[in-house]
Each structure stands twice: as structure tokens, then as C-alpha cells.
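S.K.: What follows is protein_16.txt, made up of compact mmCIF, C-alpha atoms (C1' of nucleotides):
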# COMPACT_ATOMS: atom_id res chain seq x y z
CA MET A 1 119.57 99.26 95.65
CA ARG A 2 120.58 97.54 92.44
CA ARG A 3 123.26 99.70 90.85
CA ASP A 4 124.17 99.47 87.27
CA ILE A 5 126.97 101.15 85.34
CA PHE A 6 124.58 102.38 82.62
CA GLN A 7 122.42 104.08 85.18
CA ALA A 8 125.51 105.51 86.86
CA VAL A 9 126.68 107.05 83.61
CA ALA A 10 123.22 108.36 82.70
CA ASP A 11 123.58 111.48 84.84
CA PRO A 12 125.57 114.35 83.24
CA THR A 13 127.06 115.48 86.57
CA ARG A 14 128.25 111.93 87.17
CA ARG A 15 129.84 111.83 83.72
CA ALA A 16 131.62 115.10 84.52
CA ILE A 17 132.86 113.66 87.82
CA ILE A 18 134.15 110.60 85.99
CA ALA A 19 135.99 112.78 83.48
CA LEU A 20 137.56 114.82 86.29
CA ILE A 21 138.80 111.92 88.40
CA ALA A 22 139.98 110.09 85.29
CA VAL A 23 142.79 112.63 85.23
CA GLN A 24 143.57 112.57 88.94
CA ALA A 25 142.04 111.48 92.24
CA MET A 26 139.95 114.16 93.92
CA THR A 27 138.15 114.86 97.18
CA PRO A 28 134.40 115.61 97.32
CA ASN A 29 135.09 119.23 98.20
CA ALA A 30 137.50 119.69 95.32
CA LEU A 31 134.96 118.11 92.96
CA ALA A 32 132.12 120.26 94.27
CA THR A 33 133.92 123.47 93.23
CA HIS A 34 133.37 122.38 89.62
CA PHE A 35 129.60 122.22 89.97
CA ALA A 36 126.77 124.49 90.98
CA SER A 37 125.62 122.12 93.70
CA THR A 38 126.68 121.32 97.25
CA ARG A 39 129.36 118.91 98.42
CA GLN A 40 126.62 116.66 99.74
CA ALA A 41 125.07 116.37 96.31
CA VAL A 42 128.45 115.45 94.84
CA SER A 43 128.92 112.96 97.67
CA LYS A 44 125.66 111.29 96.72
CA HIS A 45 126.87 110.91 93.15
CA LEU A 46 130.13 109.47 94.44
CA ARG A 47 128.21 106.97 96.53
CA ILE A 48 126.33 105.80 93.43
CA LEU A 49 129.59 105.52 91.49
CA THR A 50 131.09 103.58 94.40
CA GLU A 51 128.12 101.21 94.56
CA CYS A 52 128.83 100.01 91.03
CA ASP A 53 132.60 99.91 91.62
CA LEU A 54 133.30 102.67 89.13
CA VAL A 55 135.15 104.51 91.86
CA LYS A 56 137.52 103.61 94.68
CA THR A 57 138.21 105.64 97.84
CA GLU A 58 141.49 106.29 99.58
CA GLN A 59 141.46 108.03 102.94
CA GLN A 60 144.29 110.46 103.58
CA GLY A 61 143.97 112.10 106.97
CA ARG A 62 140.52 113.64 107.03
CA GLU A 63 140.35 113.81 103.27
CA ILE A 64 138.97 111.08 101.05
CA TYR A 65 140.31 110.80 97.54
CA TYR A 66 138.11 109.25 94.87
CA THR A 67 139.79 107.41 92.02
CA LEU A 68 138.22 106.16 88.80
CA GLN A 69 138.35 102.42 88.28
CA ILE A 70 138.82 102.75 84.57
CA GLU A 71 138.60 99.00 83.87
CA LYS A 72 134.92 99.13 84.85
CA MET A 73 134.31 101.40 81.88
CA LYS A 74 135.08 98.46 79.66
CA ALA A 75 131.70 96.99 80.58
CA ILE A 76 130.08 99.70 78.46
CA ASP A 77 132.57 99.06 75.69
CA GLU A 78 131.70 95.37 75.71
CA TRP A 79 128.00 96.06 75.50
CA LEU A 80 128.67 98.45 72.64
CA ALA A 81 130.72 95.82 70.80
CA GLN A 82 127.64 94.03 69.41
CA PHE A 83 126.47 97.25 67.75
CA ARG A 84 129.93 98.24 66.61
CA LYS A 85 129.98 94.95 64.76
CA ILE A 86 126.84 96.05 62.91
CA TRP A 87 127.92 99.57 62.01
CA GLU A 88 131.33 98.37 60.92
CA GLY A 89 129.56 95.71 58.90
CA ARG A 90 127.71 98.43 57.05
CA PHE A 91 130.97 100.14 56.27
CA GLU A 92 132.27 96.89 54.85
CA GLN A 93 129.20 96.65 52.64
CA LEU A 94 129.74 100.21 51.51
CA ASP A 95 133.38 99.48 50.82
CA HIS A 96 132.32 96.47 48.79
CA LEU A 97 129.81 98.54 46.86
CA LEU A 98 132.41 101.22 46.17
CA SER A 99 134.96 98.71 44.93
CA THR A 100 132.30 97.15 42.70
CA ILE A 101 131.61 100.55 41.14
CA LYS A 102 135.33 101.13 40.80
CA ASN A 103 135.77 97.80 39.02
CA LYS A 104 132.94 98.61 36.64
CA LYS A 105 134.61 101.89 35.77
CA SER A 106 137.95 100.34 35.06
CA MET B 1 111.90 117.05 78.15
CA ARG B 2 115.63 117.01 77.52
CA ARG B 3 116.45 113.59 76.11
CA ASP B 4 119.89 112.16 76.13
CA ILE B 5 121.25 108.94 74.68
CA PHE B 6 122.90 107.97 77.97
CA GLN B 7 119.65 108.29 79.81
CA ALA B 8 117.90 106.38 77.05
CA VAL B 9 120.31 103.50 77.37
CA ALA B 10 120.18 103.51 81.19
CA ASP B 11 117.02 101.43 81.33
CA PRO B 12 117.48 97.66 80.91
CA THR B 13 114.19 97.22 79.06
CA ARG B 14 115.25 99.93 76.63
CA ARG B 15 118.60 98.20 76.10
CA ALA B 16 116.73 94.98 75.37
CA ILE B 17 114.50 96.78 72.88
CA ILE B 18 117.56 98.22 71.17
CA ALA B 19 119.13 94.77 70.93
CA LEU B 20 115.93 93.35 69.43
CA ILE B 21 115.39 95.99 66.78
CA ALA B 22 119.09 95.98 65.94
CA VAL B 23 118.39 92.65 64.28
CA GLN B 24 115.17 93.64 62.55
CA ALA B 25 112.50 96.33 62.67
CA MET B 26 109.61 95.49 64.97
CA THR B 27 106.17 96.74 65.94
CA PRO B 28 105.32 97.71 69.53
CA ASN B 29 103.09 94.65 69.89
CA ALA B 30 105.80 92.30 68.66
CA LEU B 31 108.26 93.87 71.05
CA ALA B 32 105.86 93.67 73.98
CA THR B 33 105.66 89.88 73.71
CA HIS B 34 109.30 89.81 74.85
CA PHE B 35 108.59 91.62 78.10
CA ALA B 36 106.41 91.22 81.14
CA SER B 37 104.80 94.61 80.63
CA THR B 38 102.07 96.05 78.46
CA ARG B 39 102.39 97.32 74.92
CA GLN B 40 101.77 100.82 76.23
CA ALA B 41 104.80 100.59 78.49
CA VAL B 42 106.91 99.48 75.54
CA SER B 43 105.43 102.32 73.50
CA LYS B 44 106.62 104.77 76.15
CA HIS B 45 110.12 103.38 75.91
CA LEU B 46 109.95 103.69 72.14
CA ARG B 47 108.89 107.29 72.48
CA ILE B 48 111.95 108.02 74.60
CA LEU B 49 114.18 106.26 72.10
CA THR B 50 112.56 108.25 69.30
CA GLU B 51 113.04 111.53 71.16
CA CYS B 52 116.80 111.08 71.07
CA ASP B 53 116.76 109.80 67.47
CA LEU B 54 117.94 106.33 68.43
CA VAL B 55 114.93 104.93 66.65
CA LYS B 56 113.05 105.67 63.46
CA THR B 57 109.46 104.75 62.64
CA GLU B 58 107.98 103.42 59.45
CA GLN B 59 104.23 103.11 59.14
CA GLN B 60 102.95 100.13 57.21
CA GLY B 61 99.18 100.07 57.12
CA ARG B 62 98.11 100.20 60.75
CA GLU B 63 101.39 98.79 61.98
CA ILE B 64 104.37 100.93 62.90
CA TYR B 65 107.80 99.41 62.54
CA TYR B 66 110.59 100.72 64.74
CA THR B 67 114.12 100.61 63.38
CA LEU B 68 117.35 101.22 65.25
CA GLN B 69 119.40 104.16 64.02
CA ILE B 70 122.66 102.43 64.72
CA GLU B 71 124.85 105.44 63.87
CA LYS B 72 123.46 107.18 66.96
CA MET B 73 125.14 104.53 69.09
CA LYS B 74 128.45 105.95 67.99
CA ALA B 75 127.83 108.90 70.31
CA ILE B 76 128.43 106.56 73.25
CA ASP B 77 131.47 105.12 71.54
CA GLU B 78 132.88 108.61 71.07
CA TRP B 79 132.37 109.49 74.70
CA LEU B 80 134.04 106.24 75.67
CA ALA B 81 137.02 107.00 73.45
CA GLN B 82 138.65 109.32 75.98
CA PHE B 83 138.68 106.54 78.57
CA ARG B 84 139.69 103.88 76.09
CA LYS B 85 142.74 106.02 75.44
CA ILE B 86 143.59 105.78 79.14
CA TRP B 87 143.08 102.06 79.57
CA GLU B 88 144.91 101.29 76.39
CA GLY B 89 147.65 103.60 77.62
CA ARG B 90 147.98 101.41 80.67
CA PHE B 91 148.36 98.36 78.48
CA GLU B 92 151.12 100.12 76.59
CA GLN B 93 152.88 100.86 79.86
CA LEU B 94 152.47 97.21 80.85
CA ASP B 95 153.80 96.11 77.48
CA HIS B 96 156.77 98.40 77.96
CA LEU B 97 157.38 97.01 81.43
CA LEU B 98 157.16 93.45 80.15
CA SER B 99 159.59 94.11 77.32
CA THR B 100 161.98 95.74 79.80
CA ILE B 101 161.88 92.61 81.95
CA LYS B 102 162.36 90.49 78.85
CA ASN B 103 165.39 92.53 77.82
CA LYS B 104 166.93 92.16 81.27
CA LYS B 105 166.50 88.40 81.07
CA SER B 106 168.14 88.07 77.68
C1' DA C 1 78.37 97.77 57.76
C1' DA C 2 79.95 95.86 62.06
C1' DT C 3 83.78 94.15 64.53
C1' DT C 4 88.47 93.36 65.56
C1' DT C 5 93.10 94.89 65.85
C1' DG C 6 97.31 98.07 66.31
C1' DC C 7 98.52 102.13 67.94
C1' DG C 8 99.30 106.74 70.59
C1' DA C 9 97.61 109.86 74.21
C1' DA C 10 95.99 110.91 78.71
C1' DA C 11 95.22 110.35 83.52
C1' DC C 12 96.78 108.32 87.31
C1' DC C 13 100.10 106.00 90.71
C1' DA C 14 104.08 104.36 93.57
C1' DA C 15 108.90 104.44 93.57
C1' DT C 16 113.11 106.64 92.48
C1' DT C 17 116.04 110.60 91.60
C1' DG C 18 118.76 114.62 92.41
C1' DG C 19 118.86 118.09 95.18
C1' DT C 20 118.62 120.61 99.75
C1' DT C 21 119.59 121.70 104.95
C1' DG C 22 121.04 120.24 109.42
C1' DC C 23 123.52 117.13 112.11
C1' DT C 24 127.55 114.46 114.07
C1' DC C 25 132.19 112.89 113.95
C1' DA C 26 137.12 112.89 113.19
C1' DT C 27 141.19 115.27 111.85
C1' DA C 28 143.94 119.60 111.40
C1' DT C 29 145.18 124.01 112.97
C1' DA C 30 145.21 128.31 116.10
C1' DT D 1 142.56 123.14 124.39
C1' DA D 2 139.45 125.54 121.43
C1' DT D 3 138.20 126.13 116.76
C1' DA D 4 137.94 125.33 111.91
C1' DT D 5 137.53 122.04 108.27
C1' DG D 6 136.41 117.67 105.45
C1' DA D 7 133.29 114.25 105.17
C1' DG D 8 129.25 110.91 105.70
C1' DC D 9 124.46 110.42 107.12
C1' DA D 10 119.50 111.41 107.73
C1' DA D 11 115.37 113.83 106.88
C1' DC D 12 112.99 116.18 103.80
C1' DC D 13 111.33 117.92 99.10
C1' DA D 14 109.88 118.54 94.17
C1' DA D 15 110.40 116.47 89.84
C1' DT D 16 110.92 112.47 87.08
C1' DT D 17 110.41 107.63 85.99
C1' DG D 18 108.31 103.36 84.68
C1' DG D 19 104.35 101.31 85.00
C1' DT D 20 99.19 100.87 84.78
C1' DT D 21 94.22 101.41 82.95
C1' DT D 22 91.11 103.75 79.99
C1' DC D 23 90.12 105.99 75.92
C1' DG D 24 89.68 107.26 70.85
C1' DC D 25 91.12 106.68 66.22
C1' DA D 26 92.42 104.47 61.93
C1' DA D 27 93.17 100.35 59.36
C1' DA D 28 92.01 95.40 58.60
C1' DT D 29 88.79 91.72 58.71
C1' DT D 30 84.19 89.56 58.94
Can the structure from this file be put into C-alpha cells for me?
M.R.:
Amino acid sequence: MRRDIFQAVADPTRRAIIALIAVQAMTPNALATHFASTRQAVSKHLRILTECDLVKTEQQGREIYYTLQIEKMKAIDEWLAQFRKIWEGRFEQLDHLLSTIKNKKS
Amino acid sequence: MRRDIFQAVADPTRRAIIALIAVQAMTPNALATHFASTRQAVSKHLRILTECDLVKTEQQGREIYYTLQIEKMKAIDEWLAQFRKIWEGRFEQLDHLLSTIKNKKS
DNA sequence: AATTTGCGAAACCAATTGGTTGCTCATATA
DNA sequence: TATATGAGCAACCAATTGGTTTCGCAAATT
């Protein structure tokens, strides 16, 4: 199963899980209390997150803590960079336009 | 059908379409030449992109040009901001650590 | 006026998704 | 030692997805 960070992040429950474990590592059971679905459903989401290395596990006795691998999030940021360049470019054009108007006034 | 920008961006073909029309507005037929699927399949992707306002249409005779609404991409950027804060925070901690080491040396 | 072209909509299809319940296993706890 | 608890796995299910082909319509072209 080809996993992809964009697909991983597409699901709202998965995004909520990411936000939760960004703060602190959590077990599947602890995570499940935050949602209206079963631990098994949460576990499935965690498996998907694990498959694209967004998440790391750490066994502690019979509990398994899931930690966010925050560096992986940068992949999205990098993809976004090309568009950021464009929308910032537009701001620059606007700035230029505004300063042109300003110069005309003065 | 509840459309969501994260789900829209989850599909690789859709990401490719976004990248193409970021440069210049294109018709479904023109877009389809870039992919191994039919125009209708591309049209479906465009419909999804339109449903979450990532794309705007402009009819020109019998052709329909699709334009990227780049500002919508900022929604992803904003979501990412909370995590960027964390990973940049780590860099700050690293910087602090490095400067501490440096101070010890000198 | 007849034909070609660009497009969206609909019907259909196989594969995937997100969820469930039921199971087993290993670790804590009584 | 017996029992309760945390977790992964498998089987199953309905809904969604990404694709197809077929169709009809409107705008160009002949």
C-alpha cells in the first residue's frame, strides 16, 4: 500500500490525532477517548500515519506511545513553497502598485 | 458532498493539475494531454477542486479555462503554522545549545 | 446546413476507505 | 494463579473514490 503524507493528512480524524500527539506522546486508548469511534479505528489511523513515517512508536510495558515525527510535516511545507512564492509575488506586485500610487500623490 | 482542501490535495493527479494551472489557466482538454486518463476523469478532478473553491472557471466561447485560486492554498499554510512553530522551536533550542557550547569553549 | 469539437452529466465498475465486531496475545493487577 | 487491561490483527461492511464509456448540448468550422 503506497502511503503518502498528503493522503495521511486528508482525513480530519488523522489531523486531530496529529495535533494531539504534537503536544505529547499518547497511547491508542488515550487517543480514542477524544473521538466518537473505537480504539481499533484509531489504531488503523495510527497505522496509516506510521506507514508514512509521520509517527513513531515507543513500547512501555503493555502500552504503546505514539509520537509525532514533526520533521515529516516539512514535506508539506516544501510542496507548499512553490505556491507561497506565487502568492507572495502577488503581494510584491501590490506593494509596487501601492508605492507607485504613493509616488504619484507626492 | 463535504469537500475539504486537504482531501482535494490528497490526490497526486489533482496536485499535478494545481501545479499546471498555477502557471496559467487551462482547459480540461489541455490538462488531459498531461495525464494518462480521459478528459472526463480530469473534469471530475476539476469539479472537486471547484467544490472547495481552489479553482475558478472562465468560459471563453465553448472552452472553459480553469484558474487556480492561489489564496485558498493559504488554508494549508495556516494549518501547518502550528507545527512550524514547533519545529522552529526545536531549531531555537538547538541554536541555544550550540551557543552554550560555543560560550564554554571561549 | 451539416459536421466537428469542447464540455458536463450520468451510469456503471473495481478498488479503497473508514468504520465495526470478535479474536488472540502479552503485561499488569487482584 | 486468576483476572483485567492495552494493543494488534482479521474478517466483514457500507460508503466513497477514481476511473471508464456513453450521451446530449452548445459553439466552431466546413
S.K.: As a PDB file with C-alpha atoms, in the coordinates of the input, please: chain B after a least-squares superposition onto chain A using all C-alpha atoms matched in order.
M.R.:
ATOM      1  CA  MET B   1     119.452  99.323  95.604  1.00  0.00           C
ATOM      2  CA  ARG B   2     120.460  97.600  92.391  1.00  0.00           C
ATOM      3  CA  ARG B   3     123.231  99.689  90.869  1.00  0.00           C
ATOM      4  CA  ASP B   4     124.188  99.480  87.275  1.00  0.00           C
ATOM      5  CA  ILE B   5     126.975 101.162  85.344  1.00  0.00           C
ATOM      6  CA  PHE B   6     124.581 102.390  82.652  1.00  0.00           C
ATOM      7  CA  GLN B   7     122.417 104.079  85.204  1.00  0.00           C
ATOM      8  CA  ALA B   8     125.500 105.507  86.873  1.00  0.00           C
ATOM      9  CA  VAL B   9     126.664 107.053  83.638  1.00  0.00           C
ATOM     10  CA  ALA B  10     123.188 108.366  82.743  1.00  0.00           C
ATOM     11  CA  ASP B  11     123.556 111.486  84.855  1.00  0.00           C
ATOM     12  CA  PRO B  12     125.534 114.349  83.277  1.00  0.00           C
ATOM     13  CA  THR B  13     127.016 115.474  86.590  1.00  0.00           C
ATOM     14  CA  ARG B  14     128.224 111.932  87.196  1.00  0.00           C
ATOM     15  CA  ARG B  15     129.792 111.831  83.728  1.00  0.00           C
ATOM     16  CA  ALA B  16     131.561 115.093  84.521  1.00  0.00           C
ATOM     17  CA  ILE B  17     132.825 113.667  87.805  1.00  0.00           C
ATOM     18  CA  ILE B  18     134.128 110.610  85.985  1.00  0.00           C
ATOM     19  CA  ALA B  19     135.938 112.801  83.465  1.00  0.00           C
ATOM     20  CA  LEU B  20     137.515 114.835  86.273  1.00  0.00           C
ATOM     21  CA  ILE B  21     138.770 111.943  88.357  1.00  0.00           C
ATOM     22  CA  ALA B  22     139.953 110.137  85.237  1.00  0.00           C
ATOM     23  CA  VAL B  23     142.742 112.698  85.185  1.00  0.00           C
ATOM     24  CA  GLN B  24     143.537 112.622  88.887  1.00  0.00           C
ATOM     25  CA  ALA B  25     142.024 111.491  92.175  1.00  0.00           C
ATOM     26  CA  MET B  26     139.959 114.165  93.888  1.00  0.00           C
ATOM     27  CA  THR B  27     138.180 114.856  97.158  1.00  0.00           C
ATOM     28  CA  PRO B  28     134.437 115.578  97.298  1.00  0.00           C
ATOM     29  CA  ASN B  29     135.113 119.215  98.181  1.00  0.00           C
ATOM     30  CA  ALA B  30     137.496 119.673  95.267  1.00  0.00           C
ATOM     31  CA  LEU B  31     134.968 118.115  92.941  1.00  0.00           C
ATOM     32  CA  ALA B  32     132.126 120.253  94.261  1.00  0.00           C
ATOM     33  CA  THR B  33     133.902 123.457  93.232  1.00  0.00           C
ATOM     34  CA  HIS B  34     133.311 122.384  89.619  1.00  0.00           C
ATOM     35  CA  PHE B  35     129.547 122.223  90.008  1.00  0.00           C
ATOM     36  CA  ALA B  36     126.713 124.476  91.032  1.00  0.00           C
ATOM     37  CA  SER B  37     125.602 122.103  93.767  1.00  0.00           C
ATOM     38  CA  THR B  38     126.667 121.296  97.295  1.00  0.00           C
ATOM     39  CA  ARG B  39     129.387 118.913  98.378  1.00  0.00           C
ATOM     40  CA  GLN B  40     126.696 116.640  99.772  1.00  0.00           C
ATOM     41  CA  ALA B  41     125.088 116.327  96.358  1.00  0.00           C
ATOM     42  CA  VAL B  42     128.452 115.413  94.863  1.00  0.00           C
ATOM     43  CA  SER B  43     128.966 112.944  97.701  1.00  0.00           C
ATOM     44  CA  LYS B  44     125.698 111.254  96.751  1.00  0.00           C
ATOM     45  CA  HIS B  45     126.881 110.899  93.185  1.00  0.00           C
ATOM     46  CA  LEU B  46     130.147 109.456  94.446  1.00  0.00           C
ATOM     47  CA  ARG B  47     128.244 106.959  96.530  1.00  0.00           C
ATOM     48  CA  ILE B  48     126.372 105.774  93.450  1.00  0.00           C
ATOM     49  CA  LEU B  49     129.608 105.510  91.507  1.00  0.00           C
ATOM     50  CA  THR B  50     131.143 103.568  94.387  1.00  0.00           C
ATOM     51  CA  GLU B  51     128.170 101.207  94.568  1.00  0.00           C
ATOM     52  CA  CYS B  52     128.861  99.998  91.045  1.00  0.00           C
ATOM     53  CA  ASP B  53     132.640  99.904  91.606  1.00  0.00           C
ATOM     54  CA  LEU B  54     133.327 102.673  89.112  1.00  0.00           C
ATOM     55  CA  VAL B  55     135.171 104.517  91.830  1.00  0.00           C
ATOM     56  CA  LYS B  56     137.542 103.612  94.626  1.00  0.00           C
ATOM     57  CA  THR B  57     138.255 105.610  97.774  1.00  0.00           C
ATOM     58  CA  GLU B  58     141.520 106.292  99.509  1.00  0.00           C
ATOM     59  CA  GLN B  59     141.503 108.008 102.871  1.00  0.00           C
ATOM     60  CA  GLN B  60     144.327 110.424 103.533  1.00  0.00           C
ATOM     61  CA  GLY B  61     144.007 112.009 106.940  1.00  0.00           C
ATOM     62  CA  ARG B  62     140.547 113.548 106.984  1.00  0.00           C
ATOM     63  CA  GLU B  63     140.383 113.789 103.219  1.00  0.00           C
ATOM     64  CA  ILE B  64     139.010 111.044 101.008  1.00  0.00           C
ATOM     65  CA  TYR B  65     140.347 110.789  97.493  1.00  0.00           C
ATOM     66  CA  TYR B  66     138.134 109.251  94.832  1.00  0.00           C
ATOM     67  CA  THR B  67     139.810 107.428  91.970  1.00  0.00           C
ATOM     68  CA  LEU B  68     138.233 106.191  88.763  1.00  0.00           C
ATOM     69  CA  GLN B  69     138.373 102.442  88.234  1.00  0.00           C
ATOM     70  CA  ILE B  70     138.817 102.787  84.520  1.00  0.00           C
ATOM     71  CA  GLU B  71     138.601  99.046  83.786  1.00  0.00           C
ATOM     72  CA  LYS B  72     134.933  99.174  84.808  1.00  0.00           C
ATOM     73  CA  MET B  73     134.282 101.428  81.829  1.00  0.00           C
ATOM     74  CA  LYS B  74     135.070  98.487  79.613  1.00  0.00           C
ATOM     75  CA  ALA B  75     131.691  97.015  80.553  1.00  0.00           C
ATOM     76  CA  ILE B  76     130.057  99.724  78.438  1.00  0.00           C
ATOM     77  CA  ASP B  77     132.539  99.114  75.662  1.00  0.00           C
ATOM     78  CA  GLU B  78     131.693  95.417  75.694  1.00  0.00           C
ATOM     79  CA  TRP B  79     127.989  96.087  75.486  1.00  0.00           C
ATOM     80  CA  LEU B  80     128.633  98.469  72.622  1.00  0.00           C
ATOM     81  CA  ALA B  81     130.668  95.852  70.779  1.00  0.00           C
ATOM     82  CA  GLN B  82     127.611  94.050  69.419  1.00  0.00           C
ATOM     83  CA  PHE B  83     126.410  97.252  67.763  1.00  0.00           C
ATOM     84  CA  ARG B  84     129.859  98.263  66.612  1.00  0.00           C
ATOM     85  CA  LYS B  85     129.915  94.969  64.755  1.00  0.00           C
ATOM     86  CA  ILE B  86     126.761  96.047  62.922  1.00  0.00           C
ATOM     87  CA  TRP B  87     127.839  99.553  62.011  1.00  0.00           C
ATOM     88  CA  GLU B  88     131.240  98.390  60.944  1.00  0.00           C
ATOM     89  CA  GLY B  89     129.490  95.704  58.924  1.00  0.00           C
ATOM     90  CA  ARG B  90     127.665  98.435  57.075  1.00  0.00           C
ATOM     91  CA  PHE B  91     130.940 100.134  56.283  1.00  0.00           C
ATOM     92  CA  GLU B  92     132.241  96.870  54.889  1.00  0.00           C
ATOM     93  CA  GLN B  93     129.178  96.598  52.681  1.00  0.00           C
ATOM     94  CA  LEU B  94     129.732 100.189  51.554  1.00  0.00           C
ATOM     95  CA  ASP B  95     133.383  99.450  50.878  1.00  0.00           C
ATOM     96  CA  HIS B  96     132.346  96.437  48.843  1.00  0.00           C
ATOM     97  CA  LEU B  97     129.844  98.513  46.899  1.00  0.00           C
ATOM     98  CA  LEU B  98     132.437 101.195  46.235  1.00  0.00           C
ATOM     99  CA  SER B  99     135.003  98.689  45.017  1.00  0.00           C
ATOM    100  CA  THR B 100     132.361  97.139  42.751  1.00  0.00           C
ATOM    101  CA  ILE B 101     131.686 100.545  41.211  1.00  0.00           C
ATOM    102  CA  LYS B 102     135.416 101.113  40.886  1.00  0.00           C
ATOM    103  CA  ASN B 103     135.854  97.786  39.114  1.00  0.00           C
ATOM    104  CA  LYS B 104     133.058  98.605  36.681  1.00  0.00           C
ATOM    105  CA  LYS B 105     134.731 101.902  35.851  1.00  0.00           C
ATOM    106  CA  SER B 106     138.121 100.376  35.161  1.00  0.00           C
TER     107      SER B 106
END
S.K.: Need the shell around DC12 (chain C): protein/DNA/RNA residues with any atom at most 12 Å away, counting all atoms listed in the file. Skip same-chain ones fewer than 5 positions apart. Format as a VMD selection string?
M.R.: chain D and resid 19 to 22
S.K.: Could you work out which residues of chain B fall inside 9 Å of chain D? Count only C-alpha atoms (C1' of nucleotides), and format the result as an mmCIF file with C-alpha atoms, keeping the file's coordinate frame.
M.R.:
data_model
loop_
_atom_site.group_PDB
_atom_site.id
_atom_site.type_symbol
_atom_site.label_atom_id
_atom_site.label_comp_id
_atom_site.auth_asym_id
_atom_site.auth_seq_id
_atom_site.Cartn_x
_atom_site.Cartn_y
_atom_site.Cartn_z
ATOM 1 C CA SER B 37 104.800 94.610 80.630
ATOM 2 C CA THR B 38 102.070 96.050 78.460
ATOM 3 C CA GLN B 40 101.770 100.820 76.230
ATOM 4 C CA ALA B 41 104.800 100.590 78.490
ATOM 5 C CA LYS B 44 106.620 104.770 76.150
ATOM 6 C CA HIS B 45 110.120 103.380 75.910
ATOM 7 C CA GLY B 61 99.180 100.070 57.120
ATOM 8 C CA ARG B 62 98.110 100.200 60.750
ATOM 9 C CA GLU B 63 101.390 98.790 61.980
#
S.K.: Pick out the closest residue to chain C from this set: B:Thr50, B:Gln82, B:Thr27, B:Thr57. Count all atoms listed in the file.
M.R.: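 Looking at the shortest contact to chain C, the residue is B:Thr27.
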S.K.: Have a look at CA of Lys74 (chain B) and CA of Ile18 (chain B) and let me know their distance in Å, one decimal.
M.R.: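 Value for the CA of Lys74 (chain B)-CA of Ile18 (chain B) distance: 13.7 Å.
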S.K.: Produce a table with one row for each residue of chain A that has an atom at most 12 Å from any atom of chain B, each row naming the nearest atom pair and its distance in Å at one decimal; use all atoms listed in the file; arrange rows by chain and rising residue number; format as a Markdown table.
M.R.:
| residue | atom | partner | partner_atom | distance |
| --- | --- | --- | --- | --- |
| A:Arg2 | CA | B:Pro12 | CA | 11.9 |
| A:Arg3 | CA | B:Ala10 | CA | 10.8 |
| A:Asp4 | CA | B:Ala10 | CA | 8.3 |
| A:Ile5 | CA | B:Ala10 | CA | 8.3 |
| A:Phe6 | CA | B:Ala10 | CA | 4.8 |
| A:Gln7 | CA | B:Ala10 | CA | 4.6 |
| A:Ala8 | CA | B:Ala10 | CA | 8.0 |
| A:Val9 | CA | B:Phe6 | CA | 6.9 |
| A:Ala10 | CA | B:Gln7 | CA | 4.6 |
| A:Asp11 | CA | B:Gln7 | CA | 7.1 |
| A:Pro12 | CA | B:Phe6 | CA | 8.7 |
| A:Arg14 | CA | B:Phe6 | CA | 11.4 |
| A:Arg15 | CA | B:Trp79 | CA | 9.7 |
| A:Ala16 | CA | B:Trp79 | CA | 11.3 |
| A:Ile18 | CA | B:Phe83 | CA | 9.6 |
| A:Ala19 | CA | B:Phe83 | CA | 8.4 |
| A:Leu20 | CA | B:Phe83 | CA | 11.4 |
| A:Ile21 | CA | B:Phe83 | CA | 11.2 |
| A:Ala22 | CA | B:Phe83 | CA | 7.7 |
| A:Val23 | CA | B:Ile86 | CA | 9.2 |
| A:Gln24 | CA | B:Ile86 | CA | 11.9 |
| A:Leu68 | CA | B:Phe83 | CA | 10.2 |
| A:Gln69 | CA | B:Trp87 | CA | 9.9 |
| A:Ile70 | CA | B:Trp87 | CA | 6.6 |
| A:Glu71 | CA | B:Trp87 | CA | 6.9 |
| A:Lys72 | CA | B:Trp87 | CA | 10.2 |
| A:Met73 | CA | B:Phe83 | CA | 7.5 |
| A:Lys74 | CA | B:Arg84 | CA | 8.0 |
| A:Ala75 | CA | B:Leu80 | CA | 10.7 |
| A:Ile76 | CA | B:Leu80 | CA | 8.1 |
| A:Asp77 | CA | B:Leu80 | CA | 7.3 |
| A:Glu78 | CA | B:Asp77 | CA | 10.6 |
| A:Trp79 | CA | B:Arg15 | CA | 9.7 |
| A:Leu80 | CA | B:Asp77 | CA | 7.3 |
| A:Ala81 | CA | B:Asp77 | CA | 9.4 |
| A:Gln82 | CA | B:Ala19 | CA | 8.7 |
| A:Phe83 | CA | B:Ile70 | CA | 7.1 |
| A:Arg84 | CA | B:Lys74 | CA | 8.0 |
| A:Lys85 | CA | B:Ile70 | CA | 10.5 |
| A:Ile86 | CA | B:Ile70 | CA | 7.8 |
| A:Trp87 | CA | B:Ile70 | CA | 6.6 |
| A:Glu88 | CA | B:Glu71 | CA | 10.0 |
| A:Gly89 | CA | B:Ile70 | CA | 11.3 |
| A:Arg90 | CA | B:Ile70 | CA | 10.0 |
| A:Phe91 | CA | B:Glu71 | CA | 11.1 |
S.K.: Interatomic distance between CA of Leu31 (chain A) and CA of Ile17 (chain A)?
M.R.: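 Distance between the two atoms: 7.1 Å.
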S.K.: Edge lengths and centre in Å to one decimal, as AutoDock Vina command-line options, is what I'm after for the box along x, y and z that holds all listed atoms of region 11-23 of chain C once 6 Å is added on each side.
M.R.:
--center_x 109.4 --center_y 113.0 --center_z 97.8 --size_x 40.3 --size_y 29.3 --size_z 40.6
S.K.: What is the distance, in Å and to one decimal place, between C1' of DA15 (chain C) and CA of Arg39 (chain A)?
M.R.: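 Between C1' of DA15 (chain C) and CA of Arg39 (chain A) the gap is 25.5 Å.
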S.K.: Per residue of chain C within 12 Å of chain A, record the nearest atom pair and its distance in Å to one decimal, counting only C-alpha atoms (C1' of nucleotides), with rows in chain order and ascending residue number, as CSV.
M.R.:
residue,atom,partner,partner_atom,distance
C:DT16,C1',A:Met1,CA,10.3
C:DT17,C1',A:Asp11,CA,10.2
C:DG18,C1',A:Ala41,CA,7.6
C:DG19,C1',A:Ala41,CA,6.5
C:DT20,C1',A:Ala41,CA,8.5
C:DT21,C1',A:Gln40,CA,10.1
C:DG22,C1',A:Gln40,CA,11.7
C:DC25,C1',A:Arg62,CA,10.9
C:DA26,C1',A:Arg62,CA,7.1
C:DT27,C1',A:Arg62,CA,5.1
C:DA28,C1',A:Arg62,CA,8.1
S.K.: If we count all atoms listed in the file and set the cut-off at 7 Å, which residues sit around Ala25 (chain B), ignoring sequence neighbours fewer than 5 positions away in its own chain? Please answer as a PDB file with C-alpha atoms, in the frame of the given file.
M.R.:
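In the end it all went to result_25.pdb:
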ATOM      1  CA  TYR B  65     107.800  99.410  62.540  1.00  0.00           C
ATOM      2  CA  TYR B  66     110.590 100.720  64.740  1.00  0.00           C
ATOM      3  CA  THR B  67     114.120 100.610  63.380  1.00  0.00           C
TER       4      THR B  67
END
